[in-house]
Every structure is written in C-alpha cells, then in structure tokens.
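Undergrad: Contents are PDB, C-alpha atoms, pLDDT in the B column; file name model.pdb:
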ATOM      1  CA  VAL A 126       3.792  14.400  -7.287  1.00 46.00           C
ATOM      2  CA  GLY A 127       2.954  11.121  -5.521  1.00 54.00           C
ATOM      3  CA  VAL A 128       0.658   8.709  -7.369  1.00 59.00           C
ATOM      4  CA  VAL A 129      -1.232   9.728 -10.519  1.00 66.00           C
ATOM      5  CA  TYR A 130      -4.098   7.530 -11.771  1.00 61.00           C
ATOM      6  CA  GLY A 131      -5.429   7.238 -15.296  1.00 60.00           C
ATOM      7  CA  LYS A 132      -2.415   8.776 -17.070  1.00 65.00           C
ATOM      8  CA  ALA A 133       0.833   7.418 -18.479  1.00 66.00           C
ATOM      9  CA  GLN A 134       3.880   9.236 -19.835  1.00 66.00           C
ATOM     10  CA  GLU A 135       6.423   7.018 -21.563  1.00 62.00           C
ATOM     11  CA  SER A 136       8.907   9.792 -22.286  1.00 65.00           C
ATOM     12  CA  LEU A 137       9.946  13.187 -20.960  1.00 67.00           C
ATOM     13  CA  PHE A 138       9.469  14.469 -24.516  1.00 68.00           C
ATOM     14  CA  ARG A 139       5.881  13.275 -24.895  1.00 70.00           C
ATOM     15  CA  ASP A 140       2.678  14.530 -23.330  1.00 73.00           C
ATOM     16  CA  ALA A 141       0.918  12.376 -20.782  1.00 68.00           C
ATOM     17  CA  ARG A 142      -1.794  10.230 -22.341  1.00 62.00           C
ATOM     18  CA  ALA A 143      -4.880   8.541 -20.953  1.00 55.00           C
ATOM     19  CA  ALA A 144      -4.120   5.124 -19.517  1.00 61.00           C
ATOM     20  CA  CYS A 145      -6.576   2.327 -18.779  1.00 63.00           C
ATOM     21  CA  GLY A 146      -8.917   3.900 -16.253  1.00 74.00           C
ATOM     22  CA  ALA A 147     -11.480   1.105 -16.017  1.00 85.00           C
ATOM     23  CA  ILE A 148     -10.841   0.486 -12.303  1.00 89.00           C
ATOM     24  CA  VAL A 149     -10.961   4.219 -11.582  1.00 86.00           C
ATOM     25  CA  GLY A 150     -14.216   4.466 -13.516  1.00 88.00           C
ATOM     26  CA  MET A 151     -15.689   1.420 -11.785  1.00 92.00           C
ATOM     27  CA  LEU A 152     -15.122   2.927  -8.334  1.00 92.00           C
ATOM     28  CA  SER A 153     -15.944   6.528  -9.285  1.00 89.00           C
ATOM     29  CA  HIS A 154     -19.054   6.076 -11.440  1.00 90.00           C
ATOM     30  CA  PHE A 155     -20.076   2.428 -11.742  1.00 93.00           C
ATOM     31  CA  SER A 156     -22.423   1.605 -14.618  1.00 91.00           C
ATOM     32  CA  LEU A 157     -24.381  -1.644 -15.013  1.00 94.00           C
ATOM     33  CA  ALA A 158     -24.362  -1.009 -18.745  1.00 94.00           C
ATOM     34  CA  ASN A 159     -20.559  -1.241 -18.778  1.00 92.00           C
ATOM     35  CA  GLY A 160     -19.547  -4.893 -18.968  1.00 93.00           C
ATOM     36  CA  VAL A 161     -15.988  -4.119 -17.874  1.00 91.00           C
ATOM     37  CA  HIS A 162     -17.264  -2.341 -14.751  1.00 93.00           C
ATOM     38  CA  VAL A 163     -19.469  -5.323 -13.917  1.00 94.00           C
ATOM     39  CA  ARG A 164     -16.619  -7.822 -14.301  1.00 94.00           C
ATOM     40  CA  LEU A 165     -14.171  -5.746 -12.253  1.00 94.00           C
ATOM     41  CA  ARG A 166     -16.718  -5.231  -9.462  1.00 95.00           C
ATOM     42  CA  ARG A 167     -17.381  -8.972  -9.355  1.00 95.00           C
ATOM     43  CA  ASP A 168     -13.663  -9.722  -9.076  1.00 95.00           C
ATOM     44  CA  LEU A 169     -13.207  -7.004  -6.458  1.00 95.00           C
ATOM     45  CA  GLY A 170     -16.069  -8.330  -4.321  1.00 96.00           C
ATOM     46  CA  GLU A 171     -19.021  -6.425  -2.880  1.00 96.00           C
ATOM     47  CA  ASP A 172     -17.467  -5.910   0.574  1.00 97.00           C
ATOM     48  CA  ASN A 173     -14.334  -4.410  -0.955  1.00 97.00           C
ATOM     49  CA  TYR A 174     -16.356  -2.326  -3.410  1.00 97.00           C
ATOM     50  CA  SER A 175     -18.401  -0.885  -0.559  1.00 96.00           C
ATOM     51  CA  PHE A 176     -15.308  -0.193   1.533  1.00 97.00           C
ATOM     52  CA  LEU A 177     -13.287   1.446  -1.243  1.00 96.00           C
ATOM     53  CA  THR A 178     -16.141   3.667  -2.431  1.00 95.00           C
ATOM     54  CA  LYS A 179     -16.703   4.972   1.101  1.00 95.00           C
ATOM     55  CA  ASN A 180     -13.125   5.175   2.390  1.00 94.00           C
ATOM     56  CA  ASP A 181      -9.851   6.610   1.120  1.00 92.00           C
ATOM     57  CA  ILE A 182      -6.680   4.584   1.637  1.00 94.00           C
ATOM     58  CA  LEU A 183      -3.683   6.862   2.067  1.00 92.00           C
ATOM     59  CA  ALA A 184       0.024   6.133   2.120  1.00 91.00           C
ATOM     60  CA  ASP A 185       2.171   7.344   4.983  1.00 91.00           C
ATOM     61  CA  ASP A 186       2.876  10.609   3.134  1.00 88.00           C
ATOM     62  CA  GLY A 187      -0.802  11.253   2.399  1.00 89.00           C
ATOM     63  CA  SER A 188      -0.746   9.998  -1.198  1.00 86.00           C
ATOM     64  CA  PRO A 189      -4.065   8.345  -2.189  1.00 88.00           C
ATOM     65  CA  VAL A 190      -3.651   4.659  -3.054  1.00 90.00           C
ATOM     66  CA  THR A 191      -7.313   3.582  -3.077  1.00 92.00           C
ATOM     67  CA  PHE A 192      -7.363   2.740  -6.781  1.00 90.00           C
ATOM     68  CA  LEU A 193      -4.012   0.977  -6.530  1.00 90.00           C
ATOM     69  CA  VAL A 194      -5.382  -1.256  -3.778  1.00 94.00           C
ATOM     70  CA  ALA A 195      -8.393  -2.096  -5.959  1.00 94.00           C
ATOM     71  CA  ALA A 196      -6.083  -2.979  -8.868  1.00 92.00           C
ATOM     72  CA  ALA A 197      -3.967  -5.219  -6.625  1.00 94.00           C
ATOM     73  CA  ILE A 198      -7.002  -7.071  -5.259  1.00 96.00           C
ATOM     74  CA  ILE A 199      -8.452  -7.633  -8.744  1.00 95.00           C
ATOM     75  CA  SER A 200      -5.092  -8.927  -9.967  1.00 94.00           C
ATOM     76  CA  ILE A 201      -4.764 -11.300  -6.998  1.00 95.00           C
ATOM     77  CA  GLN A 202      -8.335 -12.551  -7.384  1.00 95.00           C
ATOM     78  CA  GLY A 203      -7.684 -13.271 -11.056  1.00 94.00           C
ATOM     79  CA  MET A 204      -4.604 -15.269 -10.100  1.00 94.00           C
ATOM     80  CA  LYS A 205      -6.581 -17.242  -7.516  1.00 94.00           C
ATOM     81  CA  ASP A 206      -9.397 -17.994  -9.967  1.00 94.00           C
ATOM     82  CA  THR A 207      -6.918 -19.249 -12.568  1.00 93.00           C
ATOM     83  CA  LEU A 208      -5.099 -21.350  -9.982  1.00 93.00           C
ATOM     84  CA  GLN A 209      -8.431 -22.825  -8.884  1.00 91.00           C
ATOM     85  CA  ALA A 210      -9.149 -23.856 -12.472  1.00 91.00           C
ATOM     86  CA  LEU A 211      -5.715 -25.409 -12.930  1.00 90.00           C
ATOM     87  CA  GLY A 212      -5.733 -27.524  -9.761  1.00 86.00           C
ATOM     88  CA  PRO A 213      -9.177 -28.256  -8.250  1.00 87.00           C
ATOM     89  CA  GLY A 214     -10.839 -27.459 -11.577  1.00 86.00           C
ATOM     90  CA  GLY A 215      -8.983 -30.310 -13.240  1.00 83.00           C
ATOM     91  CA  GLU A 216      -7.197 -28.431 -16.019  1.00 86.00           C
ATOM     92  CA  LEU A 217      -3.938 -30.097 -14.909  1.00 83.00           C
ATOM     93  CA  ASP A 218      -3.485 -33.837 -14.507  1.00 83.00           C
ATOM     94  CA  GLN A 219      -0.914 -35.606 -12.303  1.00 84.00           C
ATOM     95  CA  ARG A 220       1.897 -34.536 -14.648  1.00 84.00           C
ATOM     96  CA  GLY A 221       1.135 -30.820 -14.660  1.00 86.00           C
ATOM     97  CA  MET A 222       2.264 -27.870 -12.568  1.00 89.00           C
ATOM     98  CA  GLY A 223       0.966 -24.310 -12.627  1.00 91.00           C
ATOM     99  CA  HIS A 224       2.846 -21.266 -11.303  1.00 93.00           C
ATOM    100  CA  LEU A 225       1.224 -17.830 -11.449  1.00 93.00           C
ATOM    101  CA  THR A 226       1.984 -14.315 -10.273  1.00 94.00           C
ATOM    102  CA  ALA A 227      -0.271 -11.302  -9.712  1.00 94.00           C
ATOM    103  CA  ASN A 228       1.211  -7.923 -10.644  1.00 91.00           C
ATOM    104  CA  VAL A 229       0.179  -4.342 -11.322  1.00 87.00           C
ATOM    105  CA  LEU A 230       1.964  -2.385 -14.057  1.00 78.00           C
ATOM    106  CA  VAL A 231       3.382   0.948 -12.892  1.00 70.00           C
ATOM    107  CA  ASN A 232       3.907   3.488 -15.689  1.00 63.00           C
ATOM    108  CA  ASN A 233       6.957   5.704 -15.302  1.00 59.00           C
ATOM    109  CA  GLU A 234       8.674   8.124 -17.605  1.00 55.00           C
ATOM    110  CA  GLY A 235      11.124   6.664 -20.101  1.00 53.00           C
ATOM    111  CA  ASP A 236      12.167   3.047 -19.727  1.00 56.00           C
ATOM    112  CA  ARG A 237      11.494   2.867 -15.985  1.00 60.00           C
ATOM    113  CA  GLU A 238       8.205   1.030 -16.299  1.00 61.00           C
ATOM    114  CA  CYS A 239       8.005  -1.610 -13.602  1.00 69.00           C
ATOM    115  CA  LEU A 240       5.712  -4.186 -12.025  1.00 76.00           C
ATOM    116  CA  LEU A 241       4.291  -3.962  -8.530  1.00 85.00           C
ATOM    117  CA  TYR A 242       4.539  -7.522  -7.267  1.00 89.00           C
ATOM    118  CA  CYS A 243       1.378  -8.599  -5.404  1.00 93.00           C
ATOM    119  CA  ALA A 244       1.274 -12.387  -4.972  1.00 95.00           C
ATOM    120  CA  ARG A 245       2.338 -15.758  -6.342  1.00 95.00           C
ATOM    121  CA  GLY A 246       0.684 -19.165  -6.416  1.00 95.00           C
ATOM    122  CA  THR A 247       1.480 -22.752  -7.359  1.00 94.00           C
ATOM    123  CA  ALA A 248      -0.683 -25.801  -8.049  1.00 92.00           C
ATOM    124  CA  PHE A 249       1.102 -29.154  -8.086  1.00 91.00           C
ATOM    125  CA  ASN A 250       0.576 -32.719  -6.893  1.00 89.00           C
ATOM    126  CA  GLY A 251      -2.687 -32.070  -5.071  1.00 90.00           C
ATOM    127  CA  GLU A 252      -1.676 -28.891  -3.252  1.00 92.00           C
ATOM    128  CA  MET A 253      -2.188 -25.196  -3.932  1.00 92.00           C
ATOM    129  CA  ARG A 254       0.172 -22.687  -2.319  1.00 94.00           C
ATOM    130  CA  ILE A 255      -0.414 -18.922  -2.310  1.00 96.00           C
ATOM    131  CA  GLN A 256       1.788 -16.209  -0.827  1.00 95.00           C
ATOM    132  CA  GLY A 257       1.501 -12.431  -0.989  1.00 95.00           C
ATOM    133  CA  LEU A 258      -0.960  -9.624  -0.396  1.00 95.00           C
ATOM    134  CA  GLY A 259      -4.539 -10.588   0.462  1.00 94.00           C
ATOM    135  CA  THR A 260      -7.970  -9.641  -0.867  1.00 95.00           C
ATOM    136  CA  ASP A 261      -9.419  -7.672   2.087  1.00 96.00           C
ATOM    137  CA  ALA A 262      -9.253  -3.970   1.253  1.00 96.00           C
ATOM    138  CA  SER A 263      -9.615  -2.899   4.885  1.00 96.00           C
ATOM    139  CA  LYS A 264      -6.258  -4.508   5.738  1.00 96.00           C
ATOM    140  CA  TYR A 265      -4.215  -2.491   3.218  1.00 96.00           C
ATOM    141  CA  SER A 266      -1.847   0.404   3.853  1.00 94.00           C
ATOM    142  CA  ALA A 267       1.099   1.822   1.931  1.00 93.00           C
ATOM    143  CA  LYS A 268       4.513   3.417   2.296  1.00 92.00           C
ATOM    144  CA  MET A 269       6.035   5.932  -0.091  1.00 87.00           C
ATOM    145  CA  SER A 270       9.751   6.374  -0.588  1.00 83.00           C
ATOM    146  CA  LYS A 271      12.170   7.658  -3.220  1.00 79.00           C
ATOM    147  CA  ASP A 272      14.913   5.903  -5.110  1.00 75.00           C
ATOM    148  CA  ALA A 273      18.399   7.286  -5.801  1.00 77.00           C
ATOM    149  CA  SER A 274      17.052   9.341  -8.712  1.00 74.00           C
ATOM    150  CA  GLY A 275      14.328  10.930  -6.625  1.00 75.00           C
ATOM    151  CA  ASN A 276      11.486   8.936  -8.189  1.00 73.00           C
ATOM    152  CA  CYS A 277       8.563   7.936  -5.990  1.00 76.00           C
ATOM    153  CA  ILE A 278       8.232   4.270  -5.051  1.00 81.00           C
ATOM    154  CA  VAL A 279       5.080   2.847  -3.506  1.00 85.00           C
ATOM    155  CA  GLN A 280       5.006  -0.284  -1.357  1.00 89.00           C
ATOM    156  CA  LEU A 281       1.732  -1.918  -0.393  1.00 92.00           C
ATOM    157  CA  LEU A 282       1.418  -3.463   3.068  1.00 94.00           C
ATOM    158  CA  TYR A 283      -1.098  -6.044   4.267  1.00 95.00           C
ATOM    159  CA  ASN A 284      -1.950  -6.085   7.957  1.00 93.00           C
ATOM    160  CA  GLY A 285       0.847  -3.524   8.276  1.00 91.00           C
ATOM    161  CA  SER A 286       3.468  -6.049   7.210  1.00 89.00           C
ATOM    162  CA  THR A 287       5.407  -7.414   4.244  1.00 87.00           C
ATOM    163  CA  ASP A 288       5.835 -10.807   5.931  1.00 89.00           C
ATOM    164  CA  TYR A 289       3.337 -12.975   4.088  1.00 90.00           C
ATOM    165  CA  PRO A 290       2.543 -16.498   5.324  1.00 89.00           C
ATOM    166  CA  ILE A 291       2.013 -19.286   2.796  1.00 93.00           C
ATOM    167  CA  GLU A 292      -1.592 -20.421   2.425  1.00 93.00           C
ATOM    168  CA  THR A 293      -2.065 -24.078   1.477  1.00 94.00           C
ATOM    169  CA  LYS A 294      -5.079 -25.953   0.183  1.00 92.00           C
ATOM    170  CA  SER A 295      -5.348 -29.593  -0.883  1.00 92.00           C
ATOM    171  CA  TYR A 296      -7.246 -30.807  -3.943  1.00 89.00           C
ATOM    172  CA  LYS A 297      -7.898 -34.078  -5.711  1.00 89.00           C
ATOM    173  CA  VAL A 298      -5.552 -34.608  -8.644  1.00 87.00           C
ATOM    174  CA  ARG A 299      -7.150 -35.569 -11.946  1.00 84.00           C
ATOM    175  CA  LYS A 300      -5.585 -38.760 -13.268  1.00 82.00           C
ATOM    176  CA  SER A 301      -5.145 -38.934 -17.007  1.00 77.00           C
ATOM    177  CA  GLU A 302      -5.371 -42.109 -19.049  1.00 73.00           C
ATOM    178  CA  PRO A 303      -2.563 -42.940 -21.498  1.00 72.00           C
ATOM    179  CA  ALA A 304      -3.430 -42.083 -25.066  1.00 67.00           C
ATOM    180  CA  PRO A 305      -4.359 -45.133 -27.182  1.00 70.00           C
ATOM    181  CA  ALA A 306      -1.816 -46.167 -29.820  1.00 69.00           C
ATOM    182  CA  PHE A 307      -2.716 -44.856 -33.253  1.00 67.00           C
ATOM    183  CA  SER A 308      -3.017 -47.309 -36.137  1.00 66.00           C
ATOM    184  CA  PRO A 309      -3.720 -46.152 -39.718  1.00 68.00           C
ATOM    185  CA  PRO A 310      -6.908 -47.531 -41.310  1.00 69.00           C
ATOM    186  CA  GLY A 311      -6.381 -51.048 -42.681  1.00 66.00           C
ATOM    187  CA  TYR A 312      -3.178 -51.527 -40.718  1.00 61.00           C
ATOM    188  CA  LYS A 313      -2.671 -54.943 -39.089  1.00 62.00           C
ATOM    189  CA  ARG A 314      -0.325 -55.406 -36.199  1.00 59.00           C
ATOM    190  CA  SER A 315       2.108 -58.298 -36.520  1.00 57.00           C
ATOM    191  CA  ILE A 316       2.521 -60.923 -33.837  1.00 52.00           C
ATOM    192  CA  ASN A 317       5.844 -59.415 -32.797  1.00 53.00           C
ATOM    193  CA  GLU A 318       4.289 -55.916 -32.488  1.00 53.00           C
ATOM    194  CA  SER A 319       1.505 -57.328 -30.352  1.00 50.00           C
ATOM    195  CA  ARG A 320       4.126 -58.768 -28.032  1.00 52.00           C
ATOM    196  CA  GLY A 321       5.971 -55.463 -27.869  1.00 53.00           C
ATOM    197  CA  ALA A 322       9.098 -56.473 -29.796  1.00 52.00           C
ATOM    198  CA  SER A 323      11.193 -53.552 -31.019  1.00 53.00           C
ATOM    199  CA  PRO A 324      11.552 -52.897 -34.792  1.00 51.00           C
ATOM    200  CA  LYS A 325      15.278 -53.804 -34.720  1.00 53.00           C
ATOM    201  CA  LYS A 326      14.563 -57.053 -32.919  1.00 51.00           C
ATOM    202  CA  ARG A 327      11.844 -57.901 -35.447  1.00 50.00           C
ATOM    203  CA  ASP A 328      14.271 -57.300 -38.299  1.00 52.00           C
ATOM    204  CA  ARG A 329      16.778 -59.651 -36.746  1.00 53.00           C
ATOM    205  CA  GLU A 330      14.091 -62.296 -36.189  1.00 49.00           C
ATOM    206  CA  GLU A 331      13.001 -62.043 -39.800  1.00 49.00           C
TER     207      GLU A 331
END
Starting from the coordinates I provided, produce the structure as structure tokens.
TA:
Amino acid sequence: VGVVYGKAQESLFRDARAACGAIVGMLSHFSLANGVHVRLRRDLGEDNYSFLTKNDILADDGSPVTFLVAAAIISIQGMKDTLQALGPGGELDQRGMGHLTANVLVNNEGDRECLLYCARGTAFNGEMRIQGLGTDASKYSAKMSKDASGNCIVQLLYNGSTDYPIETKSYKVRKSEPAPAFSPPGYKRSINESRGASPKKRDREE
C-alpha cells in the first residue's frame, strides 16, 4: 500500500480509525455550508483548488498524492500568513523574532508517526526569510521510497527539485516605546529618585 488518506492506525493491534478528512472532503465534495471547507479553500487558493480538483498528482510509483499536496500548501500558506502578521503586521517590535515551520503529520503504525517538513520562515529586524516548498500546486511532484523496515516514505518535490532558494522580503519594524515607570497612588518621588540615584546611594547620603 502506498499512501492512504483519511485513516490512521496507531498500532498493529488496533483497527484503522477515521482521521481528519477535512481536506479530502473539501476537494471531493466542497460545501459552502461547511465553514471548515470554506476556510481551507481560501487558504488553498482558487487556482490551486481548480487545478487539484481537475488533475491527479501522482508519485513516481503511481501513488496518488493530490490530497497531500493540498495539505502541504495549506500548511505553508498558514505559516506565511502568521509570519506576515508577526513582521509587517506589527505583532513584533524591534526586540522580537519569529521563527515558524510548516509541517504535515504523517500517521504510521505504532510509534513511527512523523512530520513531513514543508517550509520554514523567519521574521527579524525588518526582513522576512522563507525557504521550502511553494504554494503552486502545478509545480509539485513526489517520489516514493522505502526505509530499512520496508515502510513507504514519500518526498514532495517542487519544480522537480529539493533545492529551495531563500525568499526575502523587507518590512518596516514597529518601534516600541519604553513602558512608563509605575508609581503607587499617593506616592511621591524624592529628589534623589528624580535624579536617578540608586537606593544604596540614597541610604548612604541620608
């Protein structure tokens, strides 16, 4: 068996159960009444939605990876949206740094659950950097292989390659103002405090 969608089996001694099939459902039978479908389609993008509902993406051994590609794109778009909020959106000031990754969880039997790494991004000091798979479904392909135990491993390719250039984008850093000093109600600052003298120095002066 190559890639199975919509089912997970955590143990050899347990039956397979239904896994989160929202992306499968969104591509197979989209419903405007389903808020999850609407959100996933928005994150996927209309061009990708149209492409993936009309075309099958197959790995080199013929395994279908269409839904996996959709999951990767949605994960990457979520990372980009969050990174946009952290940097250009002003969530971080000049002291902050954000580092994010986009991954897809791969369910395997037993304790072999793993993450399919898709992309990473950083926002710091007025620059966003993103490296990894892209968000154009038509540029995806995949390779299937087996590990030493005979388990299937899938590798997604973008433009037929795993060599991903770093994308950079500049943004204006939000400058934060220092927090005002807190003084309890009715508290009066002494002359020495106004001049910035330390408590120990004030004690010696007194």
Undergrad: Give the padded box for range 207-218 of chain A as JSON: axis-aligned, covering all atoms listed in the file, 5 Å on each side, centre and edge lengths in Å to one decimal.
TA:
{"center_x": -7.2, "center_y": -26.5, "center_z": -12.1, "size_x": 17.4, "size_y": 24.6, "size_z": 17.8}
Undergrad: From the options A:Lys297, A:Glu171, A:Asp140, A:Gly146, which residue's atoms come nearest to Leu211 in chain A, counting all atoms listed in the file?
TA: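 Using all atoms listed in the file, the shortest distance to Leu211 in chain A belongs to A:Lys297.
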Undergrad: Just to confirm, what's the straight-line distance from CA of Leu258 in chain A to CA of Leu152 in chain A in Å (one decimal)?
TA: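 CA of Leu258 in chain A sits 20.5 Å away from CA of Leu152 in chain A.
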Undergrad: Just so the selection is clear, what residues does the PyMOL selection byres ((chain A and resi 255) around 9) cover here, as a list in words?
TA: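 For this structure, the PyMOL selection byres ((chain A and resi 255) around 9) captures Lys205, Ala244, Arg245, Gly246, Thr247, Ala248, Met253, Arg254, Gln256, Gly257, Pro290, Ile291, Glu292, Thr293 and Lys294 of chain A.
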Undergrad: Find the spatial neighbours of range 164-168 of chain A, counting only C-alpha atoms, within a cut-off of 12 Å - ignore same-chain residues fewer than 6 positions away - and output them as a ChimeraX atom specification.
TA: /A:146-158,174-175,177-178,195-206,260
Undergrad: Select, from A:Gly187, A:Ser270, A:Ala210, A:Cys277, the residue with the minimum atom-to-atom distance to Val231 in chain A, counting only C-alpha atoms.
TA: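 When distances to Val231 in chain A are compared using only C-alpha atoms, the smallest one comes from A:Cys277.
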Undergrad: When the PyMOL selection byres ((chain A and resi 181) around 6) is applied to the file above, which residues end up in the set, as a list in words?
TA: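 Given this file, the PyMOL selection byres ((chain A and resi 181) around 6) evaluates to Asn180, Ile182 and Thr191 of chain A.
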Undergrad: Output C-alpha atoms of each residue in that selection to a file, as a compact mmCIF listing (two decimals), in the coordinates of the input.
TA:
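Printed below is out.txt as written:
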# COMPACT_ATOMS: atom_id res chain seq x y z
CA ASN A 180 -13.12 5.18 2.39
CA ILE A 182 -6.68 4.58 1.64
CA THR A 191 -7.31 3.58 -3.08
Undergrad: Quick one: of A:Asn173, A:Val298, A:Gln280, A:Val161, who's nearest to Val190 in chain A, counting only C-alpha atoms?
TA: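 Among A:Asn173, A:Val298, A:Gln280, A:Val161, it is A:Gln280 that comes nearest to Val190 in chain A.
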Undergrad: Can you measure CA of Val229 in chain A to CA of Gly251 in chain A for me? One decimal in Å is fine.
TA: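 These two atoms are separated by 28.6 Å.
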Undergrad: Separation of CA of Phe249 in chain A and CA of Thr207 in chain A, in Å?
TA: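 Interatomic distance, CA of Phe249 in chain A to CA of Thr207 in chain A: 13.5 Å.
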Undergrad: Can you give me, as a list in words, the residues this file yields under the PyMOL selection byres ((chain A and resi 215) around 10)?
TA: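 Taken over the shown coordinates, the PyMOL selection byres ((chain A and resi 215) around 10) returns Gln209, Ala210, Leu211, Gly212, Pro213, Gly214, Glu216, Leu217, Asp218, Gln219, Tyr296, Lys297, Val298, Arg299 and Lys300 of chain A.
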Undergrad: Is there a way to complete range 202-225 of chain A with N, CA and C atoms and then write that out as a PDB file, in the frame of the given file?
TA:
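The result, stored in result_28.pdb:
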ATOM      1  N   GLN A 202      -7.164 -11.696  -7.228  1.00 95.00           N
ATOM      2  CA  GLN A 202      -8.335 -12.551  -7.384  1.00 95.00           C
ATOM      3  C   GLN A 202      -8.305 -13.281  -8.718  1.00 95.00           C
ATOM      4  N   GLY A 203      -7.830 -12.612  -9.758  1.00 94.00           N
ATOM      5  CA  GLY A 203      -7.684 -13.271 -11.056  1.00 94.00           C
ATOM      6  C   GLY A 203      -6.687 -14.413 -10.999  1.00 94.00           C
ATOM      7  N   MET A 204      -5.593 -14.202 -10.269  1.00 94.00           N
ATOM      8  CA  MET A 204      -4.604 -15.269 -10.100  1.00 94.00           C
ATOM      9  C   MET A 204      -5.215 -16.456  -9.363  1.00 94.00           C
ATOM     10  N   LYS A 205      -5.968 -16.165  -8.306  1.00 94.00           N
ATOM     11  CA  LYS A 205      -6.581 -17.242  -7.516  1.00 94.00           C
ATOM     12  C   LYS A 205      -7.600 -18.021  -8.341  1.00 94.00           C
ATOM     13  N   ASP A 206      -8.388 -17.327  -9.136  1.00 94.00           N
ATOM     14  CA  ASP A 206      -9.397 -17.994  -9.967  1.00 94.00           C
ATOM     15  C   ASP A 206      -8.735 -18.911 -10.992  1.00 94.00           C
ATOM     16  N   THR A 207      -7.639 -18.433 -11.599  1.00 93.00           N
ATOM     17  CA  THR A 207      -6.918 -19.249 -12.568  1.00 93.00           C
ATOM     18  C   THR A 207      -6.286 -20.459 -11.901  1.00 93.00           C
ATOM     19  N   LEU A 208      -5.717 -20.250 -10.725  1.00 93.00           N
ATOM     20  CA  LEU A 208      -5.099 -21.350  -9.982  1.00 93.00           C
ATOM     21  C   LEU A 208      -6.149 -22.390  -9.592  1.00 93.00           C
ATOM     22  N   GLN A 209      -7.331 -21.925  -9.231  1.00 91.00           N
ATOM     23  CA  GLN A 209      -8.431 -22.825  -8.884  1.00 91.00           C
ATOM     24  C   GLN A 209      -8.825 -23.690 -10.080  1.00 91.00           C
ATOM     25  N   ALA A 210      -8.810 -23.096 -11.262  1.00 91.00           N
ATOM     26  CA  ALA A 210      -9.149 -23.856 -12.472  1.00 91.00           C
ATOM     27  C   ALA A 210      -8.070 -24.874 -12.809  1.00 91.00           C
ATOM     28  N   LEU A 211      -6.810 -24.502 -12.600  1.00 90.00           N
ATOM     29  CA  LEU A 211      -5.715 -25.409 -12.930  1.00 90.00           C
ATOM     30  C   LEU A 211      -5.681 -26.632 -12.030  1.00 90.00           C
ATOM     31  N   GLY A 212      -5.829 -26.422 -10.716  1.00 86.00           N
ATOM     32  CA  GLY A 212      -5.733 -27.524  -9.761  1.00 86.00           C
ATOM     33  C   GLY A 212      -7.066 -28.193  -9.497  1.00 86.00           C
ATOM     34  N   PRO A 213      -7.873 -27.652  -8.568  1.00 87.00           N
ATOM     35  CA  PRO A 213      -9.177 -28.256  -8.250  1.00 87.00           C
ATOM     36  C   PRO A 213     -10.101 -28.350  -9.451  1.00 87.00           C
ATOM     37  N   GLY A 214      -9.977 -27.434 -10.397  1.00 86.00           N
ATOM     38  CA  GLY A 214     -10.839 -27.459 -11.577  1.00 86.00           C
ATOM     39  C   GLY A 214     -10.495 -28.544 -12.568  1.00 86.00           C
ATOM     40  N   GLY A 215      -9.331 -29.173 -12.410  1.00 83.00           N
ATOM     41  CA  GLY A 215      -8.983 -30.310 -13.240  1.00 83.00           C
ATOM     42  C   GLY A 215      -8.315 -29.998 -14.561  1.00 83.00           C
ATOM     43  N   GLU A 216      -7.888 -28.742 -14.771  1.00 86.00           N
ATOM     44  CA  GLU A 216      -7.197 -28.431 -16.019  1.00 86.00           C
ATOM     45  C   GLU A 216      -5.847 -29.156 -16.101  1.00 86.00           C
ATOM     46  N   LEU A 217      -5.209 -29.382 -14.955  1.00 83.00           N
ATOM     47  CA  LEU A 217      -3.938 -30.097 -14.909  1.00 83.00           C
ATOM     48  C   LEU A 217      -4.158 -31.527 -14.430  1.00 83.00           C
ATOM     49  N   ASP A 218      -3.441 -32.475 -15.023  1.00 83.00           N
ATOM     50  CA  ASP A 218      -3.485 -33.837 -14.507  1.00 83.00           C
ATOM     51  C   ASP A 218      -2.287 -34.057 -13.588  1.00 83.00           C
ATOM     52  N   GLN A 219      -1.970 -35.323 -13.274  1.00 84.00           N
ATOM     53  CA  GLN A 219      -0.914 -35.606 -12.303  1.00 84.00           C
ATOM     54  C   GLN A 219       0.476 -35.191 -12.800  1.00 84.00           C
ATOM     55  N   ARG A 220       0.590 -34.923 -14.101  1.00 84.00           N
ATOM     56  CA  ARG A 220       1.897 -34.536 -14.648  1.00 84.00           C
ATOM     57  C   ARG A 220       2.110 -33.031 -14.658  1.00 84.00           C
ATOM     58  N   GLY A 221       1.057 -32.266 -14.451  1.00 86.00           N
ATOM     59  CA  GLY A 221       1.135 -30.820 -14.660  1.00 86.00           C
ATOM     60  C   GLY A 221       1.465 -30.019 -13.415  1.00 86.00           C
ATOM     61  N   MET A 222       2.009 -28.819 -13.636  1.00 89.00           N
ATOM     62  CA  MET A 222       2.264 -27.870 -12.568  1.00 89.00           C
ATOM     63  C   MET A 222       1.957 -26.472 -13.077  1.00 89.00           C
ATOM     64  N   GLY A 223       1.267 -25.688 -12.258  1.00 91.00           N
ATOM     65  CA  GLY A 223       0.966 -24.310 -12.627  1.00 91.00           C
ATOM     66  C   GLY A 223       1.593 -23.345 -11.645  1.00 91.00           C
ATOM     67  N   HIS A 224       2.273 -22.304 -12.163  1.00 93.00           N
ATOM     68  CA  HIS A 224       2.846 -21.266 -11.303  1.00 93.00           C
ATOM     69  C   HIS A 224       2.424 -19.916 -11.851  1.00 93.00           C
ATOM     70  N   LEU A 225       1.775 -19.112 -11.016  1.00 93.00           N
ATOM     71  CA  LEU A 225       1.224 -17.830 -11.449  1.00 93.00           C
ATOM     72  C   LEU A 225       1.689 -16.712 -10.536  1.00 93.00           C
TER      73      LEU A 225
END
